[in-house]
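As stored in start-v3.pdb (PDB, C-alpha atoms, pLDDT in the B column):
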```
MODEL        1
ATOM      1  CA  MET A  39     -15.415-155.366  -3.179  1.00 81.00           C
ATOM      2  CA  MET A  40     -15.115-159.113  -2.741  1.00 86.00           C
ATOM      3  CA  ILE A  41     -15.706-158.790   0.982  1.00 87.00           C
ATOM      4  CA  LYS A  42     -18.744-156.575   0.432  1.00 88.00           C
ATOM      5  CA  ALA A  43     -20.140-159.032  -2.147  1.00 91.00           C
ATOM      6  CA  THR A  44     -19.664-161.899   0.304  1.00 93.00           C
ATOM      7  CA  GLU A  45     -21.388-159.975   3.082  1.00 92.00           C
ATOM      8  CA  LEU A  46     -24.273-159.126   0.768  1.00 93.00           C
ATOM      9  CA  LEU A  47     -24.801-162.704  -0.406  1.00 95.00           C
ATOM     10  CA  GLU A  48     -24.546-164.090   3.135  1.00 94.00           C
ATOM     11  CA  GLY A  49     -27.272-161.732   4.287  1.00 94.00           C
ATOM     12  CA  ASN A  50     -29.365-161.829   1.127  1.00 94.00           C
ATOM     13  CA  PRO A  51     -28.831-164.840  -1.143  1.00 93.00           C
ATOM     14  CA  SER A  52     -30.962-163.316  -3.916  1.00 93.00           C
ATOM     15  CA  PRO A  53     -30.257-159.570  -4.044  1.00 95.00           C
ATOM     16  CA  SER A  54     -31.906-157.248  -6.532  1.00 95.00           C
ATOM     17  CA  LEU A  55     -29.867-155.037  -8.831  1.00 93.00           C
ATOM     18  CA  ALA A  56     -30.652-152.050  -6.600  1.00 92.00           C
ATOM     19  CA  GLN A  57     -29.481-153.938  -3.513  1.00 93.00           C
ATOM     20  CA  ILE A  58     -26.218-154.925  -5.204  1.00 91.00           C
ATOM     21  CA  LYS A  59     -25.548-151.340  -6.269  1.00 86.00           C
ATOM     22  CA  GLU A  60     -26.413-150.061  -2.798  1.00 87.00           C
ATOM     23  CA  ALA A  61     -24.076-152.553  -1.139  1.00 86.00           C
ATOM     24  CA  PHE A  62     -21.142-151.308  -3.198  1.00 83.00           C
ATOM     25  CA  THR A  63     -21.814-147.582  -3.191  1.00 80.00           C
ATOM     26  CA  THR A  64     -23.636-146.509  -0.042  1.00 76.00           C
ATOM     27  CA  SER A  65     -23.405-149.130   2.674  1.00 64.00           C
ATOM     28  CA  GLY A  66     -20.887-149.318   5.441  1.00 64.00           C
ATOM     29  CA  PRO A  67     -18.433-146.761   6.741  1.00 58.00           C
ATOM     30  CA  SER A  68     -16.301-146.906   3.580  1.00 60.00           C
ATOM     31  CA  PRO A  69     -18.222-147.183   0.289  1.00 66.00           C
ATOM     32  CA  ASN A  70     -16.380-149.021  -2.459  1.00 64.00           C
ATOM     33  CA  LEU A  71     -16.139-146.417  -5.173  1.00 63.00           C
ATOM     34  CA  CYS A  72     -13.986-147.328  -8.129  1.00 67.00           C
ATOM     35  CA  ARG A  73     -12.869-145.531 -11.253  1.00 68.00           C
ATOM     36  CA  CYS A  74     -12.016-148.677 -13.194  1.00 71.00           C
ATOM     37  CA  GLY A  75     -15.397-148.880 -14.956  1.00 71.00           C
ATOM     38  CA  THR A  76     -15.948-152.571 -14.220  1.00 76.00           C
ATOM     39  CA  TYR A  77     -19.125-152.200 -12.173  1.00 80.00           C
ATOM     40  CA  VAL A  78     -21.188-154.002 -14.830  1.00 85.00           C
ATOM     41  CA  ALA A  79     -18.870-157.016 -14.701  1.00 88.00           C
ATOM     42  CA  ILE A  80     -18.843-156.990 -10.901  1.00 87.00           C
ATOM     43  CA  ILE A  81     -22.642-156.797 -10.712  1.00 90.00           C
ATOM     44  CA  ASP A  82     -22.889-159.663 -13.215  1.00 94.00           C
ATOM     45  CA  ALA A  83     -20.470-161.695 -11.085  1.00 94.00           C
ATOM     46  CA  VAL A  84     -22.554-161.133  -7.945  1.00 94.00           C
ATOM     47  CA  LYS A  85     -25.714-162.191  -9.808  1.00 95.00           C
ATOM     48  CA  HIS A  86     -23.899-165.285 -11.094  1.00 96.00           C
ATOM     49  CA  ALA A  87     -22.642-166.150  -7.605  1.00 95.00           C
ATOM     50  CA  ALA A  88     -26.186-165.820  -6.253  1.00 95.00           C
ATOM     51  CA  THR A  89     -27.453-168.211  -8.939  1.00 95.00           C
ATOM     52  CA  ILE A  90     -24.751-170.765  -8.136  1.00 93.00           C
ATOM     53  CA  MET A  91     -25.417-170.469  -4.411  1.00 90.00           C
ATOM     54  CA  ALA A  92     -29.139-171.004  -5.009  1.00 89.00           C
ATOM     55  CA  LYS A  93     -28.375-174.238  -6.846  1.00 88.00           C
ATOM     56  CA  GLY A  94     -26.246-175.437  -3.917  1.00 82.00           C
ATOM     57  CA  ARG A  95     -22.983-175.770  -5.779  1.00 60.00           C
TER      58      ARG A  95
ENDMDL
END
```
Write the structure described by the file as structure tokens, please.
Amino acid sequence: MMIKATELLEGNPSPSLAQIKEAFTTSGPSPNLCRCGTYVAIIDAVKHAATIMAKGR
């Protein structure tokens, strides 16, 4: 999931919620489906990373 998040942010530095969800569940030859229930935390982390990247940190 980290690799997919990196790919997403490199290609789209300000993804929407729908784009984040799509990147993790439907894109690529091997969707990252997880049973751990931490999708909300992962989505929040991607949003946070995008904010930090936008500020140039």
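You will find CA of Ala92 (chain A) at 27.9 Å from CA of Gly75 (chain A).
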Rank A:Tyr77, A:Pro51, A:Thr44, A:Ile58 by their smallest atom-to-atom distance to Ile90 (chain A), using only C-alpha atoms, and report the top residue only.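 Between A:Tyr77, A:Pro51, A:Thr44, A:Ile58, the residue approaching Ile90 (chain A) most closely is A:Pro51.
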Name the residues captured by the PyMOL selection byres ((chain A and resi 43) around 12) when it is applied to the shown file; answer as a PyMOL selection string. chain A and resi 39-42+44-53+57-63+65+70+80-88
Centre, edges in Å (one decimal): axis-aligned box, region 45-59 of chain A, 8 Å padding on all six sides, as lines of an AutoDock Vina configuration file:
```
center_x = -26.6
center_y = -158.1
center_z = -2.3
size_x = 26.5
size_y = 29.5
size_z = 29.1
```
Dump of region 44-94 of chain A from preceding block, N, CA and C atoms, as a PDB file, in the first residue's frame:
```pdb
ATOM      1  N   THR A  44       2.642   6.067  -2.874  1.00  0.00           N
ATOM      2  CA  THR A  44       3.732   6.847  -3.472  1.00  0.00           C
ATOM      3  C   THR A  44       3.467   7.087  -4.950  1.00  0.00           C
ATOM      4  N   GLU A  45       3.077   6.055  -5.659  1.00  0.00           N
ATOM      5  CA  GLU A  45       2.758   6.196  -7.080  1.00  0.00           C
ATOM      6  C   GLU A  45       1.630   7.204  -7.285  1.00  0.00           C
ATOM      7  N   LEU A  46       0.612   7.122  -6.465  1.00  0.00           N
ATOM      8  CA  LEU A  46      -0.520   8.041  -6.577  1.00  0.00           C
ATOM      9  C   LEU A  46      -0.078   9.483  -6.375  1.00  0.00           C
ATOM     10  N   LEU A  47       0.662   9.736  -5.312  1.00  0.00           N
ATOM     11  CA  LEU A  47       1.081  11.110  -5.004  1.00  0.00           C
ATOM     12  C   LEU A  47       2.093  11.651  -6.004  1.00  0.00           C
ATOM     13  N   GLU A  48       2.907  10.780  -6.599  1.00  0.00           N
ATOM     14  CA  GLU A  48       3.833  11.240  -7.637  1.00  0.00           C
ATOM     15  C   GLU A  48       3.078  11.673  -8.887  1.00  0.00           C
ATOM     16  N   GLY A  49       2.015  10.973  -9.202  1.00  0.00           N
ATOM     17  CA  GLY A  49       1.240  11.285 -10.391  1.00  0.00           C
ATOM     18  C   GLY A  49       0.163  12.330 -10.168  1.00  0.00           C
ATOM     19  N   ASN A  50      -0.276  12.459  -8.928  1.00  0.00           N
ATOM     20  CA  ASN A  50      -1.345  13.392  -8.589  1.00  0.00           C
ATOM     21  C   ASN A  50      -1.078  13.908  -7.179  1.00  0.00           C
ATOM     22  N   PRO A  51      -0.430  15.044  -7.039  1.00  0.00           N
ATOM     23  CA  PRO A  51      -0.053  15.532  -5.715  1.00  0.00           C
ATOM     24  C   PRO A  51      -1.216  15.987  -4.835  1.00  0.00           C
ATOM     25  N   SER A  52      -2.426  16.050  -5.403  1.00  0.00           N
ATOM     26  CA  SER A  52      -3.587  16.468  -4.625  1.00  0.00           C
ATOM     27  C   SER A  52      -4.795  15.596  -4.985  1.00  0.00           C
ATOM     28  N   PRO A  53      -4.741  14.315  -4.636  1.00  0.00           N
ATOM     29  CA  PRO A  53      -5.816  13.400  -5.032  1.00  0.00           C
ATOM     30  C   PRO A  53      -7.090  13.613  -4.210  1.00  0.00           C
ATOM     31  N   SER A  54      -8.212  13.346  -4.849  1.00  0.00           N
ATOM     32  CA  SER A  54      -9.493  13.395  -4.147  1.00  0.00           C
ATOM     33  C   SER A  54      -9.675  12.097  -3.364  1.00  0.00           C
ATOM     34  N   LEU A  55     -10.653  12.073  -2.497  1.00  0.00           N
ATOM     35  CA  LEU A  55     -10.946  10.867  -1.734  1.00  0.00           C
ATOM     36  C   LEU A  55     -11.255   9.709  -2.681  1.00  0.00           C
ATOM     37  N   ALA A  56     -12.035   9.975  -3.712  1.00  0.00           N
ATOM     38  CA  ALA A  56     -12.381   8.926  -4.682  1.00  0.00           C
ATOM     39  C   ALA A  56     -11.141   8.394  -5.386  1.00  0.00           C
ATOM     40  N   GLN A  57     -10.210   9.278  -5.718  1.00  0.00           N
ATOM     41  CA  GLN A  57      -8.987   8.852  -6.396  1.00  0.00           C
ATOM     42  C   GLN A  57      -8.108   8.017  -5.474  1.00  0.00           C
ATOM     43  N   ILE A  58      -8.060   8.372  -4.204  1.00  0.00           N
ATOM     44  CA  ILE A  58      -7.283   7.581  -3.239  1.00  0.00           C
ATOM     45  C   ILE A  58      -7.883   6.187  -3.114  1.00  0.00           C
ATOM     46  N   LYS A  59      -9.195   6.129  -2.938  1.00  0.00           N
ATOM     47  CA  LYS A  59      -9.862   4.822  -2.816  1.00  0.00           C
ATOM     48  C   LYS A  59      -9.664   3.985  -4.067  1.00  0.00           C
ATOM     49  N   GLU A  60      -9.768   4.615  -5.223  1.00  0.00           N
ATOM     50  CA  GLU A  60      -9.590   3.894  -6.490  1.00  0.00           C
ATOM     51  C   GLU A  60      -8.175   3.340  -6.612  1.00  0.00           C
ATOM     52  N   ALA A  61      -7.195   4.129  -6.216  1.00  0.00           N
ATOM     53  CA  ALA A  61      -5.802   3.692  -6.308  1.00  0.00           C
ATOM     54  C   ALA A  61      -5.552   2.428  -5.487  1.00  0.00           C
ATOM     55  N   PHE A  62      -6.217   2.326  -4.348  1.00  0.00           N
ATOM     56  CA  PHE A  62      -5.982   1.168  -3.481  1.00  0.00           C
ATOM     57  C   PHE A  62      -6.855  -0.039  -3.806  1.00  0.00           C
ATOM     58  N   THR A  63      -7.980   0.173  -4.467  1.00  0.00           N
ATOM     59  CA  THR A  63      -8.903  -0.953  -4.621  1.00  0.00           C
ATOM     60  C   THR A  63      -9.113  -1.427  -6.043  1.00  0.00           C
ATOM     61  N   THR A  64      -8.854  -0.573  -7.048  1.00  0.00           N
ATOM     62  CA  THR A  64      -9.176  -1.014  -8.405  1.00  0.00           C
ATOM     63  C   THR A  64      -8.058  -0.829  -9.408  1.00  0.00           C
ATOM     64  N   SER A  65      -7.006  -0.130  -9.066  1.00  0.00           N
ATOM     65  CA  SER A  65      -5.979   0.142 -10.060  1.00  0.00           C
ATOM     66  C   SER A  65      -4.873  -0.900 -10.032  1.00  0.00           C
ATOM     67  N   GLY A  66      -4.274  -1.072 -11.182  1.00  0.00           N
ATOM     68  CA  GLY A  66      -3.146  -1.990 -11.268  1.00  0.00           C
ATOM     69  C   GLY A  66      -3.570  -3.434 -11.397  1.00  0.00           C
ATOM     70  N   PRO A  67      -2.609  -4.294 -11.654  1.00  0.00           N
ATOM     71  CA  PRO A  67      -2.915  -5.712 -11.850  1.00  0.00           C
ATOM     72  C   PRO A  67      -3.232  -6.439 -10.550  1.00  0.00           C
ATOM     73  N   SER A  68      -2.899  -5.850  -9.411  1.00  0.00           N
ATOM     74  CA  SER A  68      -3.110  -6.509  -8.124  1.00  0.00           C
ATOM     75  C   SER A  68      -3.642  -5.513  -7.114  1.00  0.00           C
ATOM     76  N   PRO A  69      -4.971  -5.322  -7.053  1.00  0.00           N
ATOM     77  CA  PRO A  69      -5.537  -4.372  -6.090  1.00  0.00           C
ATOM     78  C   PRO A  69      -5.139  -4.725  -4.663  1.00  0.00           C
ATOM     79  N   ASN A  70      -4.950  -3.688  -3.863  1.00  0.00           N
ATOM     80  CA  ASN A  70      -4.541  -3.868  -2.473  1.00  0.00           C
ATOM     81  C   ASN A  70      -5.770  -3.949  -1.580  1.00  0.00           C
ATOM     82  N   LEU A  71      -6.305  -5.139  -1.461  1.00  0.00           N
ATOM     83  CA  LEU A  71      -7.462  -5.342  -0.603  1.00  0.00           C
ATOM     84  C   LEU A  71      -6.981  -5.880   0.737  1.00  0.00           C
ATOM     85  N   CYS A  72      -7.513  -5.322   1.793  1.00  0.00           N
ATOM     86  CA  CYS A  72      -7.025  -5.660   3.127  1.00  0.00           C
ATOM     87  C   CYS A  72      -8.201  -5.899   4.057  1.00  0.00           C
ATOM     88  N   ARG A  73      -8.041  -6.810   4.957  1.00  0.00           N
ATOM     89  CA  ARG A  73      -9.096  -7.106   5.929  1.00  0.00           C
ATOM     90  C   ARG A  73      -8.825  -6.477   7.288  1.00  0.00           C
ATOM     91  N   CYS A  74      -7.787  -5.676   7.386  1.00  0.00           N
ATOM     92  CA  CYS A  74      -7.379  -5.155   8.693  1.00  0.00           C
ATOM     93  C   CYS A  74      -8.270  -4.013   9.190  1.00  0.00           C
ATOM     94  N   GLY A  75      -9.046  -3.403   8.309  1.00  0.00           N
ATOM     95  CA  GLY A  75      -9.955  -2.337   8.730  1.00  0.00           C
ATOM     96  C   GLY A  75      -9.286  -1.000   8.962  1.00  0.00           C
ATOM     97  N   THR A  76      -8.095  -0.788   8.431  1.00  0.00           N
ATOM     98  CA  THR A  76      -7.392   0.473   8.668  1.00  0.00           C
ATOM     99  C   THR A  76      -7.448   1.411   7.465  1.00  0.00           C
ATOM    100  N   TYR A  77      -8.378   1.187   6.563  1.00  0.00           N
ATOM    101  CA  TYR A  77      -8.459   2.046   5.380  1.00  0.00           C
ATOM    102  C   TYR A  77      -8.622   3.517   5.729  1.00  0.00           C
ATOM    103  N   VAL A  78      -9.418   3.819   6.753  1.00  0.00           N
ATOM    104  CA  VAL A  78      -9.625   5.223   7.142  1.00  0.00           C
ATOM    105  C   VAL A  78      -8.294   5.855   7.542  1.00  0.00           C
ATOM    106  N   ALA A  79      -7.511   5.157   8.328  1.00  0.00           N
ATOM    107  CA  ALA A  79      -6.209   5.680   8.753  1.00  0.00           C
ATOM    108  C   ALA A  79      -5.257   5.820   7.563  1.00  0.00           C
ATOM    109  N   ILE A  80      -5.305   4.885   6.644  1.00  0.00           N
ATOM    110  CA  ILE A  80      -4.428   4.940   5.478  1.00  0.00           C
ATOM    111  C   ILE A  80      -4.824   6.106   4.581  1.00  0.00           C
ATOM    112  N   ILE A  81      -6.115   6.289   4.357  1.00  0.00           N
ATOM    113  CA  ILE A  81      -6.591   7.413   3.553  1.00  0.00           C
ATOM    114  C   ILE A  81      -6.201   8.727   4.204  1.00  0.00           C
ATOM    115  N   ASP A  82      -6.359   8.823   5.519  1.00  0.00           N
ATOM    116  CA  ASP A  82      -5.944  10.038   6.242  1.00  0.00           C
ATOM    117  C   ASP A  82      -4.446  10.288   6.082  1.00  0.00           C
ATOM    118  N   ALA A  83      -3.654   9.231   6.103  1.00  0.00           N
ATOM    119  CA  ALA A  83      -2.203   9.373   5.950  1.00  0.00           C
ATOM    120  C   ALA A  83      -1.845   9.873   4.555  1.00  0.00           C
ATOM    121  N   VAL A  84      -2.542   9.392   3.531  1.00  0.00           N
ATOM    122  CA  VAL A  84      -2.277   9.851   2.171  1.00  0.00           C
ATOM    123  C   VAL A  84      -2.650  11.325   2.037  1.00  0.00           C
ATOM    124  N   LYS A  85      -3.786  11.715   2.609  1.00  0.00           N
ATOM    125  CA  LYS A  85      -4.192  13.128   2.586  1.00  0.00           C
ATOM    126  C   LYS A  85      -3.153  13.990   3.305  1.00  0.00           C
ATOM    127  N   HIS A  86      -2.672  13.509   4.438  1.00  0.00           N
ATOM    128  CA  HIS A  86      -1.666  14.253   5.207  1.00  0.00           C
ATOM    129  C   HIS A  86      -0.365  14.382   4.413  1.00  0.00           C
ATOM    130  N   ALA A  87       0.049  13.302   3.777  1.00  0.00           N
ATOM    131  CA  ALA A  87       1.265  13.334   2.957  1.00  0.00           C
ATOM    132  C   ALA A  87       1.117  14.341   1.817  1.00  0.00           C
ATOM    133  N   ALA A  88      -0.062  14.379   1.202  1.00  0.00           N
ATOM    134  CA  ALA A  88      -0.304  15.318   0.112  1.00  0.00           C
ATOM    135  C   ALA A  88      -0.202  16.759   0.608  1.00  0.00           C
ATOM    136  N   THR A  89      -0.713  17.016   1.799  1.00  0.00           N
ATOM    137  CA  THR A  89      -0.637  18.357   2.392  1.00  0.00           C
ATOM    138  C   THR A  89       0.811  18.744   2.654  1.00  0.00           C
ATOM    139  N   ILE A  90       1.582  17.837   3.213  1.00  0.00           N
ATOM    140  CA  ILE A  90       2.996  18.104   3.490  1.00  0.00           C
ATOM    141  C   ILE A  90       3.759  18.328   2.198  1.00  0.00           C
ATOM    142  N   MET A  91       3.492  17.527   1.191  1.00  0.00           N
ATOM    143  CA  MET A  91       4.170  17.671  -0.093  1.00  0.00           C
ATOM    144  C   MET A  91       3.831  19.022  -0.738  1.00  0.00           C
ATOM    145  N   ALA A  92       2.588  19.464  -0.572  1.00  0.00           N
ATOM    146  CA  ALA A  92       2.178  20.742  -1.142  1.00  0.00           C
ATOM    147  C   ALA A  92       2.894  21.915  -0.495  1.00  0.00           C
ATOM    148  N   LYS A  93       3.244  21.731   0.787  1.00  0.00           N
ATOM    149  CA  LYS A  93       3.954  22.796   1.512  1.00  0.00           C
ATOM    150  C   LYS A  93       5.462  22.748   1.245  1.00  0.00           C
ATOM    151  N   GLY A  94       5.915  21.707   0.561  1.00  0.00           N
ATOM    152  CA  GLY A  94       7.338  21.607   0.214  1.00  0.00           C
ATOM    153  C   GLY A  94       8.229  21.151   1.345  1.00  0.00           C
TER     154      GLY A  94
END
```
